[in-house]
Amino acid sequence: MIDTIFDTISYAKGSSVIKMLMHYIGIDNFRKSISTYLKKYMYKNTNTTMLWQCFDEITKLKVSELMNEWVNFAGHPLLTVDIIKKEEKYFFKLEQNSMIQNDNTLWKLPVFIKSKNFEICRLITTKDYKISFEELNLDYNEIEKGENFVTFNNDLKGFYRVKYNNEVLLNSILINYKKNQNKIKENENYVNSFDIFGILSYEKYKNNLEGIKKIFNKIKPIENSTLLLRYAKKLYKDFKSEFYFIEGFEEYISNKETREEIINKIKDYNKFFISLVDNDNNRLNSLIKKFYINEENKDMYKYQFNDEYDSLYLYFRVIIDDNEEIAKNVLIPNFANYFEFLNKNYKYTLVEIMMKYIYLIKEQNDKKKLLLIISKDYMDNYYNSSYYINLDYKTAILNYNCLDEELFGFLNENLIWNKRNIFLAPTKLFLQGKNNFRKMFDNSIEKMKNFFEKYKIIYPDKNIVTFFESKENPYYVFLKQFFINNVKKEDLIEDIFYNYLKDKLNIINDVECAQLISVVQDFIQF
């Protein structure tokens, strides 16, 4: 019970609401209120109401009423912003709705508003609210031309999302972000990465890839923004999760039109995310060489990881997917230097990316050695490593491109079926690598076929199809676990895997085809 009360969501919402309150009443008032509360109830038992009463006493703003709603109501609001014209005058039209479907909750909503020459907050208590341009001393023509801007919930101060329902307003924000990326004037507000992040978060919530593409296309390049770089990487993973399990299996889609649609979607997806960074190989190679760790520059990288490093990381995650030459010529030869240094410093690691390209290493013994070293290192440091380092280790170990039976047995026994069940989350990261889902299946199916050929005399009652889903086949359980935990159920899946298994298992007679339909349906059953 206690775990459900003090969970991540509770803490995250609580901290966000407190942050909003601090910006609403001002930092000085916030500090005075907390100080008053601590002095007044020193060595006494208290409740939340007493805390808010101290805020009321200092601010005279009825904070208790405001906070009771935010603490007790589920969810958070969506603020929709539009510009309307009435009798030759312009107004901002604001509308608040709950993010929860069929919920009519109305919040006392602190709306933070920023423009070039002002920063204000208005407390909105109704569903609809209007603010005139005249009241804010704004000129609509300046907004339209991009000479000025207005952002709502600027710097992500409030615990709510904003939907900009007006193209002129949205364009003015994007224009001014690009204008002010490398130019900050004194005594003048500017559009920053947090403001853009707020716009993108709504589009991400709506799963609107076209909207996200439009925004990113207007603000490129983004290399100088750590926040947007990280968000781009998150989008890269999230959107690919819609079809990463199909990538590499396109040939097994029966319907030609559907097959072409999927192929085009994947191409469009990859092209877009590659375009998020400046796809310039000269600059990329320059960054890689600068990042190369040697005796001369290792001390610098030991203490300093900056935005340029984040840019390089994004390059690796996006561009290298379609540029294996860079992996072969730069990444793989310098693997030992990268791994040793980054692993020791526990700040960032490229283990995940390097393991993704382990198949480029020519010597099988080197692959085995590397995988065993990382596996052992992970197990030795499981309780000591940070969360992100753990995640990278887990993902690295999940590369099955180079496994023989010995290594598969090692991972299966010591890691995959570990009681901590540590591999459910990082599997998605590995599978999002280009065609990795297909590679994993190809690898496991081949091992399973060899296993069956070697021991089929022990299983006289089974053919290759029935053996595929039998308890005697360890690879079936292995594949099914990863499949169920990482693939969304779609009609397309059954078609793909029927055709795939029919091809890989060399099924030709009608009896086995009928059996295969049943096997596939069982395999993809959620």
# chains A, B, ... in the order shown; residues from 1 in each chain; ligands from 1
$ select_by_dssp --residues "range 85-307 of chain A" --states "helix (DSSP H, G or I)" --output "short mmCIF file (atom, residue, chain, number, x, y, z; two decimals) with N, CA and C atoms, in the first residue's frame"
data_model
loop_
_atom_site.label_atom_id
_atom_site.label_comp_id
_atom_site.auth_asym_id
_atom_site.auth_seq_id
_atom_site.Cartn_x
_atom_site.Cartn_y
_atom_site.Cartn_z
N TYR A 140 -0.25 43.30 -32.84
CA TYR A 140 -0.47 42.05 -33.58
C TYR A 140 0.46 41.94 -34.78
N ASN A 141 0.72 43.07 -35.46
CA ASN A 141 1.57 43.04 -36.65
C ASN A 141 2.99 42.57 -36.31
N GLU A 142 3.48 42.94 -35.12
CA GLU A 142 4.82 42.50 -34.71
C GLU A 142 4.84 40.99 -34.48
N ILE A 143 3.75 40.48 -33.92
CA ILE A 143 3.65 39.03 -33.71
C ILE A 143 3.62 38.33 -35.06
N GLU A 144 2.84 38.86 -35.96
CA GLU A 144 2.67 38.24 -37.29
C GLU A 144 3.99 38.21 -38.06
N LYS A 145 4.79 39.26 -37.91
CA LYS A 145 6.07 39.34 -38.63
C LYS A 145 7.20 38.62 -37.90
N ASN A 154 5.64 29.80 -19.86
CA ASN A 154 7.05 29.95 -20.24
C ASN A 154 7.96 29.27 -19.24
N ASP A 155 9.05 28.73 -19.74
CA ASP A 155 10.07 28.04 -18.95
C ASP A 155 9.50 26.84 -18.19
N LEU A 156 8.35 26.36 -18.63
CA LEU A 156 7.70 25.19 -18.00
C LEU A 156 7.48 25.40 -16.50
N GLU A 167 -1.55 29.49 -35.77
CA GLU A 167 -0.30 29.37 -36.53
C GLU A 167 0.56 30.62 -36.42
N VAL A 168 -0.06 31.79 -36.41
CA VAL A 168 0.71 33.04 -36.33
C VAL A 168 1.48 33.09 -35.02
N LEU A 169 0.79 32.76 -33.93
CA LEU A 169 1.42 32.77 -32.61
C LEU A 169 2.54 31.73 -32.53
N LEU A 170 2.26 30.54 -33.02
CA LEU A 170 3.25 29.46 -32.99
C LEU A 170 4.48 29.82 -33.82
N ASN A 171 4.26 30.34 -35.01
CA ASN A 171 5.38 30.72 -35.88
C ASN A 171 6.25 31.81 -35.25
N SER A 172 5.63 32.77 -34.57
CA SER A 172 6.39 33.85 -33.95
C SER A 172 7.32 33.31 -32.86
N ILE A 173 6.86 32.29 -32.13
CA ILE A 173 7.68 31.68 -31.09
C ILE A 173 8.87 30.96 -31.71
N LEU A 174 8.61 30.18 -32.76
CA LEU A 174 9.68 29.41 -33.41
C LEU A 174 10.70 30.31 -34.07
N ILE A 175 10.22 31.38 -34.70
CA ILE A 175 11.13 32.34 -35.34
C ILE A 175 12.04 32.98 -34.30
N ASN A 176 11.47 33.36 -33.17
CA ASN A 176 12.26 34.03 -32.14
C ASN A 176 13.18 33.08 -31.41
N TYR A 177 12.83 31.80 -31.35
CA TYR A 177 13.76 30.84 -30.76
C TYR A 177 15.01 30.74 -31.62
N LYS A 178 14.80 30.60 -32.93
CA LYS A 178 15.95 30.47 -33.83
C LYS A 178 16.79 31.75 -33.81
N LYS A 179 16.10 32.90 -33.70
CA LYS A 179 16.78 34.18 -33.69
C LYS A 179 17.66 34.34 -32.46
N ASN A 180 17.18 33.82 -31.34
CA ASN A 180 17.84 34.06 -30.06
C ASN A 180 18.69 32.90 -29.58
N SER A 193 14.86 26.95 -24.90
CA SER A 193 14.58 25.54 -25.21
C SER A 193 13.42 24.98 -24.40
N PHE A 194 13.23 25.50 -23.17
CA PHE A 194 12.12 25.03 -22.36
C PHE A 194 10.78 25.40 -23.00
N ASP A 195 10.72 26.58 -23.61
CA ASP A 195 9.50 27.00 -24.28
C ASP A 195 9.19 26.08 -25.47
N ILE A 196 10.22 25.74 -26.23
CA ILE A 196 10.04 24.84 -27.37
C ILE A 196 9.67 23.44 -26.88
N PHE A 197 10.32 23.02 -25.80
CA PHE A 197 10.02 21.71 -25.23
C PHE A 197 8.54 21.63 -24.85
N GLY A 198 7.99 22.72 -24.30
CA GLY A 198 6.58 22.75 -23.95
C GLY A 198 5.67 22.55 -25.15
N ILE A 199 6.04 23.15 -26.28
CA ILE A 199 5.26 22.98 -27.51
C ILE A 199 5.35 21.53 -27.99
N LEU A 200 6.57 21.00 -28.00
CA LEU A 200 6.79 19.63 -28.48
C LEU A 200 6.11 18.59 -27.60
N SER A 201 6.04 18.85 -26.30
CA SER A 201 5.47 17.85 -25.39
C SER A 201 4.00 17.61 -25.69
N TYR A 202 3.28 18.66 -26.12
CA TYR A 202 1.88 18.45 -26.49
C TYR A 202 1.78 17.62 -27.75
N GLU A 203 2.61 17.93 -28.75
CA GLU A 203 2.58 17.16 -30.00
C GLU A 203 2.95 15.70 -29.74
N LYS A 204 3.91 15.49 -28.83
CA LYS A 204 4.30 14.12 -28.48
C LYS A 204 3.14 13.41 -27.79
N TYR A 205 2.45 14.12 -26.90
CA TYR A 205 1.29 13.54 -26.20
C TYR A 205 0.22 13.11 -27.20
N LEU A 209 3.39 13.04 -35.26
CA LEU A 209 4.72 13.10 -35.87
C LEU A 209 4.83 14.26 -36.84
N GLU A 210 3.77 14.53 -37.60
CA GLU A 210 3.81 15.62 -38.56
C GLU A 210 4.01 16.96 -37.87
N GLY A 211 3.31 17.15 -36.74
CA GLY A 211 3.46 18.39 -35.98
C GLY A 211 4.87 18.55 -35.44
N ILE A 212 5.45 17.46 -34.96
CA ILE A 212 6.81 17.49 -34.43
C ILE A 212 7.80 17.79 -35.55
N LYS A 213 7.60 17.16 -36.71
CA LYS A 213 8.48 17.41 -37.85
C LYS A 213 8.44 18.89 -38.25
N LYS A 214 7.25 19.45 -38.25
CA LYS A 214 7.10 20.85 -38.65
C LYS A 214 7.85 21.77 -37.70
N ILE A 215 7.75 21.49 -36.41
CA ILE A 215 8.41 22.33 -35.41
C ILE A 215 9.93 22.21 -35.52
N PHE A 216 10.43 20.98 -35.57
CA PHE A 216 11.87 20.79 -35.67
C PHE A 216 12.45 21.38 -36.96
N ASN A 217 11.71 21.26 -38.04
CA ASN A 217 12.19 21.79 -39.32
C ASN A 217 12.36 23.30 -39.28
N LYS A 218 11.58 23.96 -38.41
CA LYS A 218 11.65 25.42 -38.34
C LYS A 218 12.72 25.92 -37.38
N ILE A 219 13.21 25.03 -36.50
CA ILE A 219 14.18 25.51 -35.51
C ILE A 219 15.57 24.90 -35.68
N THR A 226 21.02 21.18 -25.23
CA THR A 226 21.08 19.86 -24.61
C THR A 226 19.67 19.31 -24.40
N LEU A 227 18.75 20.17 -23.96
CA LEU A 227 17.39 19.74 -23.69
C LEU A 227 16.72 19.17 -24.93
N LEU A 228 16.83 19.90 -26.05
CA LEU A 228 16.17 19.45 -27.27
C LEU A 228 16.89 18.25 -27.89
N LEU A 229 18.20 18.19 -27.72
CA LEU A 229 18.93 17.02 -28.20
C LEU A 229 18.45 15.76 -27.49
N ARG A 230 18.33 15.86 -26.17
CA ARG A 230 17.87 14.69 -25.42
C ARG A 230 16.43 14.34 -25.78
N TYR A 231 15.61 15.37 -25.99
CA TYR A 231 14.22 15.11 -26.36
C TYR A 231 14.15 14.47 -27.74
N ALA A 232 15.01 14.92 -28.65
CA ALA A 232 15.05 14.32 -29.98
C ALA A 232 15.41 12.84 -29.89
N LYS A 233 16.37 12.51 -29.00
CA LYS A 233 16.76 11.11 -28.82
C LYS A 233 15.59 10.30 -28.28
N LYS A 234 14.83 10.90 -27.37
CA LYS A 234 13.67 10.20 -26.81
C LYS A 234 12.62 9.96 -27.90
N LEU A 235 12.39 10.98 -28.72
CA LEU A 235 11.45 10.82 -29.82
C LEU A 235 11.92 9.75 -30.79
N TYR A 236 13.23 9.74 -31.02
CA TYR A 236 13.83 8.76 -31.92
C TYR A 236 13.48 7.34 -31.48
N LYS A 237 13.53 7.10 -30.18
CA LYS A 237 13.22 5.78 -29.65
C LYS A 237 11.71 5.53 -29.62
N ASP A 238 10.95 6.53 -29.17
CA ASP A 238 9.51 6.33 -28.99
C ASP A 238 8.80 6.07 -30.31
N PHE A 239 9.11 6.87 -31.33
CA PHE A 239 8.41 6.70 -32.59
C PHE A 239 8.83 5.42 -33.31
N LYS A 240 10.10 5.05 -33.14
CA LYS A 240 10.55 3.84 -33.79
C LYS A 240 9.90 2.60 -33.18
N GLU A 250 9.90 -6.73 -43.83
CA GLU A 250 8.95 -6.18 -44.81
C GLU A 250 8.62 -7.15 -45.93
N GLU A 251 9.60 -7.96 -46.31
CA GLU A 251 9.40 -8.88 -47.43
C GLU A 251 8.32 -9.91 -47.14
N TYR A 252 7.99 -10.11 -45.85
CA TYR A 252 7.01 -11.13 -45.48
C TYR A 252 5.60 -10.57 -45.30
N LYS A 256 0.74 -6.15 -50.99
CA LYS A 256 1.75 -5.29 -51.62
C LYS A 256 1.60 -3.83 -51.20
N GLU A 257 0.35 -3.33 -51.17
CA GLU A 257 0.13 -1.93 -50.81
C GLU A 257 0.55 -1.65 -49.36
N THR A 258 0.19 -2.57 -48.48
CA THR A 258 0.58 -2.43 -47.07
C THR A 258 2.09 -2.48 -46.93
N ARG A 259 2.72 -3.39 -47.68
CA ARG A 259 4.17 -3.52 -47.63
C ARG A 259 4.85 -2.22 -48.05
N GLU A 260 4.40 -1.63 -49.14
CA GLU A 260 4.99 -0.38 -49.62
C GLU A 260 4.75 0.77 -48.64
N GLU A 261 3.57 0.79 -48.04
CA GLU A 261 3.24 1.83 -47.07
C GLU A 261 4.18 1.76 -45.85
N ILE A 262 4.41 0.54 -45.36
CA ILE A 262 5.30 0.35 -44.21
C ILE A 262 6.73 0.74 -44.56
N ILE A 263 7.21 0.29 -45.73
CA ILE A 263 8.57 0.61 -46.17
C ILE A 263 8.76 2.12 -46.27
N ASN A 264 7.77 2.81 -46.85
CA ASN A 264 7.86 4.27 -46.99
C ASN A 264 7.82 4.97 -45.64
N LYS A 265 7.02 4.42 -44.72
CA LYS A 265 6.93 5.01 -43.39
C LYS A 265 8.28 4.91 -42.68
N ILE A 266 8.92 3.76 -42.79
CA ILE A 266 10.22 3.56 -42.14
C ILE A 266 11.26 4.50 -42.75
N LYS A 267 11.26 4.61 -44.09
CA LYS A 267 12.20 5.51 -44.76
C LYS A 267 11.98 6.95 -44.33
N ASP A 268 10.71 7.36 -44.30
CA ASP A 268 10.37 8.73 -43.93
C ASP A 268 10.78 9.00 -42.50
N TYR A 269 10.56 8.04 -41.63
CA TYR A 269 10.93 8.16 -40.21
C TYR A 269 12.43 8.38 -40.07
N ASN A 270 13.22 7.50 -40.69
CA ASN A 270 14.67 7.60 -40.56
C ASN A 270 15.21 8.89 -41.17
N LYS A 271 14.64 9.28 -42.31
CA LYS A 271 15.08 10.51 -42.97
C LYS A 271 14.83 11.72 -42.08
N PHE A 272 13.68 11.74 -41.42
CA PHE A 272 13.34 12.87 -40.57
C PHE A 272 14.30 12.99 -39.39
N PHE A 273 14.55 11.89 -38.69
CA PHE A 273 15.39 11.98 -37.50
C PHE A 273 16.85 12.21 -37.84
N ILE A 274 17.27 11.75 -39.01
CA ILE A 274 18.62 12.09 -39.44
C ILE A 274 18.71 13.59 -39.72
N SER A 275 17.60 14.15 -40.21
CA SER A 275 17.59 15.58 -40.54
C SER A 275 17.57 16.47 -39.29
N ASN A 281 29.07 14.83 -42.98
CA ASN A 281 30.09 13.86 -42.58
C ASN A 281 31.40 14.51 -42.16
N ASN A 282 31.74 15.65 -42.76
CA ASN A 282 32.97 16.32 -42.37
C ASN A 282 32.90 16.79 -40.92
N ARG A 283 31.75 17.37 -40.56
CA ARG A 283 31.58 17.83 -39.19
C ARG A 283 31.53 16.64 -38.24
N LEU A 284 30.86 15.60 -38.65
CA LEU A 284 30.77 14.39 -37.82
C LEU A 284 32.15 13.81 -37.55
N ASN A 285 32.92 13.64 -38.60
CA ASN A 285 34.26 13.08 -38.42
C ASN A 285 35.14 13.99 -37.57
N SER A 286 34.94 15.31 -37.72
CA SER A 286 35.69 16.25 -36.90
C SER A 286 35.34 16.08 -35.43
N LEU A 287 34.05 15.93 -35.14
CA LEU A 287 33.60 15.72 -33.76
C LEU A 287 34.17 14.43 -33.20
N ILE A 288 34.13 13.37 -34.01
CA ILE A 288 34.60 12.07 -33.56
C ILE A 288 36.09 12.13 -33.22
N LYS A 289 36.86 12.79 -34.10
CA LYS A 289 38.30 12.89 -33.85
C LYS A 289 38.58 13.72 -32.60
N LYS A 290 37.77 14.75 -32.42
CA LYS A 290 37.97 15.59 -31.24
C LYS A 290 37.62 14.81 -29.97
N PHE A 291 36.65 13.94 -30.09
CA PHE A 291 36.22 13.16 -28.94
C PHE A 291 37.14 11.99 -28.67
N LYS A 298 42.60 12.92 -22.48
CA LYS A 298 41.72 12.16 -21.61
C LYS A 298 41.37 12.92 -20.32
N ASP A 299 42.30 13.74 -19.81
CA ASP A 299 42.01 14.49 -18.60
C ASP A 299 40.90 15.51 -18.82
N MET A 300 40.88 16.10 -20.01
CA MET A 300 39.84 17.07 -20.32
C MET A 300 38.46 16.40 -20.28
N TYR A 301 38.36 15.23 -20.90
CA TYR A 301 37.07 14.56 -20.95
C TYR A 301 36.70 13.92 -19.61
N LYS A 302 37.66 13.76 -18.75
CA LYS A 302 37.37 13.17 -17.45
C LYS A 302 36.47 14.08 -16.62
N TYR A 303 36.63 15.39 -16.80
CA TYR A 303 35.88 16.33 -15.97
C TYR A 303 34.91 17.20 -16.76
N ASP A 307 27.79 20.26 -24.17
CA ASP A 307 26.79 20.11 -25.22
C ASP A 307 27.35 19.46 -26.48
#
$ residues_around --residues "Val81 in chain A" --least-positions-apart "6" --cutoff "9 Å" --atoms "only C-alpha atoms" --output "PyMOL selection string"
chain A and resi 92-95+152+162-166
$ write_last_selection --atoms "C-alpha atoms" --output "short mmCIF file (atom, residue, chain, number, x, y, z; two decimals), in the first residue's frame"
data_model
loop_
_atom_site.label_atom_id
_atom_site.label_comp_id
_atom_site.auth_asym_id
_atom_site.auth_seq_id
_atom_site.Cartn_x
_atom_site.Cartn_y
_atom_site.Cartn_z
CA PHE A 92 -5.88 35.93 -26.57
CA LYS A 93 -8.59 33.37 -26.01
CA LEU A 94 -7.62 30.85 -23.30
CA GLU A 95 -9.53 27.66 -22.56
CA PHE A 152 2.35 30.64 -22.29
CA VAL A 162 -0.25 24.22 -23.65
CA LYS A 163 -1.77 23.76 -27.07
CA TYR A 164 -1.09 26.65 -29.44
CA ASN A 165 -4.16 26.72 -31.65
CA ASN A 166 -2.94 29.61 -33.77
#
$ atom_distance --atom1 "CA of Ile458 in chain A" --atom2 "CA of Glu472 in chain A"
10.3 Å
$ closest_residue --among "A:Phe149, A:Phe91, A:Phe245, A:Tyr160" --to "Ile131 in chain A" --atoms "only C-alpha atoms"
A:Phe91
$ atom_distance --atom1 "CA of Gly14 in chain A" --atom2 "CA of Trp52 in chain A"
14.1 Å
$ closest_residue --among "A:Gly248, A:Gly158, A:Gly146, A:Gly26" --to "Phe441 in chain A" --atoms "only C-alpha atoms"
A:Gly248
$ residues_around --residues "Asn509 in chain A" --least-positions-apart "5" --cutoff "12 Å" --atoms "only C-alpha atoms" --output "PDB file with N, CA and C atoms, in the first residue's frame"
ATOM      1  N   ASN A 463       7.616 -32.739 -35.449  1.00  0.00           N
ATOM      2  CA  ASN A 463       8.264 -32.221 -36.644  1.00  0.00           C
ATOM      3  C   ASN A 463       8.817 -30.836 -36.298  1.00  0.00           C
ATOM      4  N   VAL A 465       7.834 -27.911 -36.913  1.00  0.00           N
ATOM      5  CA  VAL A 465       6.829 -26.926 -36.499  1.00  0.00           C
ATOM      6  C   VAL A 465       6.417 -27.141 -35.051  1.00  0.00           C
ATOM      7  N   LYS A 502       7.332 -19.903 -42.128  1.00  0.00           N
ATOM      8  CA  LYS A 502       7.148 -20.834 -43.244  1.00  0.00           C
ATOM      9  C   LYS A 502       8.397 -20.880 -44.109  1.00  0.00           C
ATOM     10  N   ALA A 514      -0.924 -25.918 -41.795  1.00  0.00           N
ATOM     11  CA  ALA A 514      -2.050 -25.793 -40.861  1.00  0.00           C
ATOM     12  C   ALA A 514      -1.543 -25.731 -39.418  1.00  0.00           C
ATOM     13  N   GLN A 515      -0.558 -26.572 -39.116  1.00  0.00           N
ATOM     14  CA  GLN A 515       0.031 -26.554 -37.766  1.00  0.00           C
ATOM     15  C   GLN A 515       0.694 -25.201 -37.487  1.00  0.00           C
ATOM     16  N   LEU A 516       1.323 -24.667 -38.527  1.00  0.00           N
ATOM     17  CA  LEU A 516       2.063 -23.412 -38.368  1.00  0.00           C
ATOM     18  C   LEU A 516       1.127 -22.265 -38.013  1.00  0.00           C
TER      19      LEU A 516
END
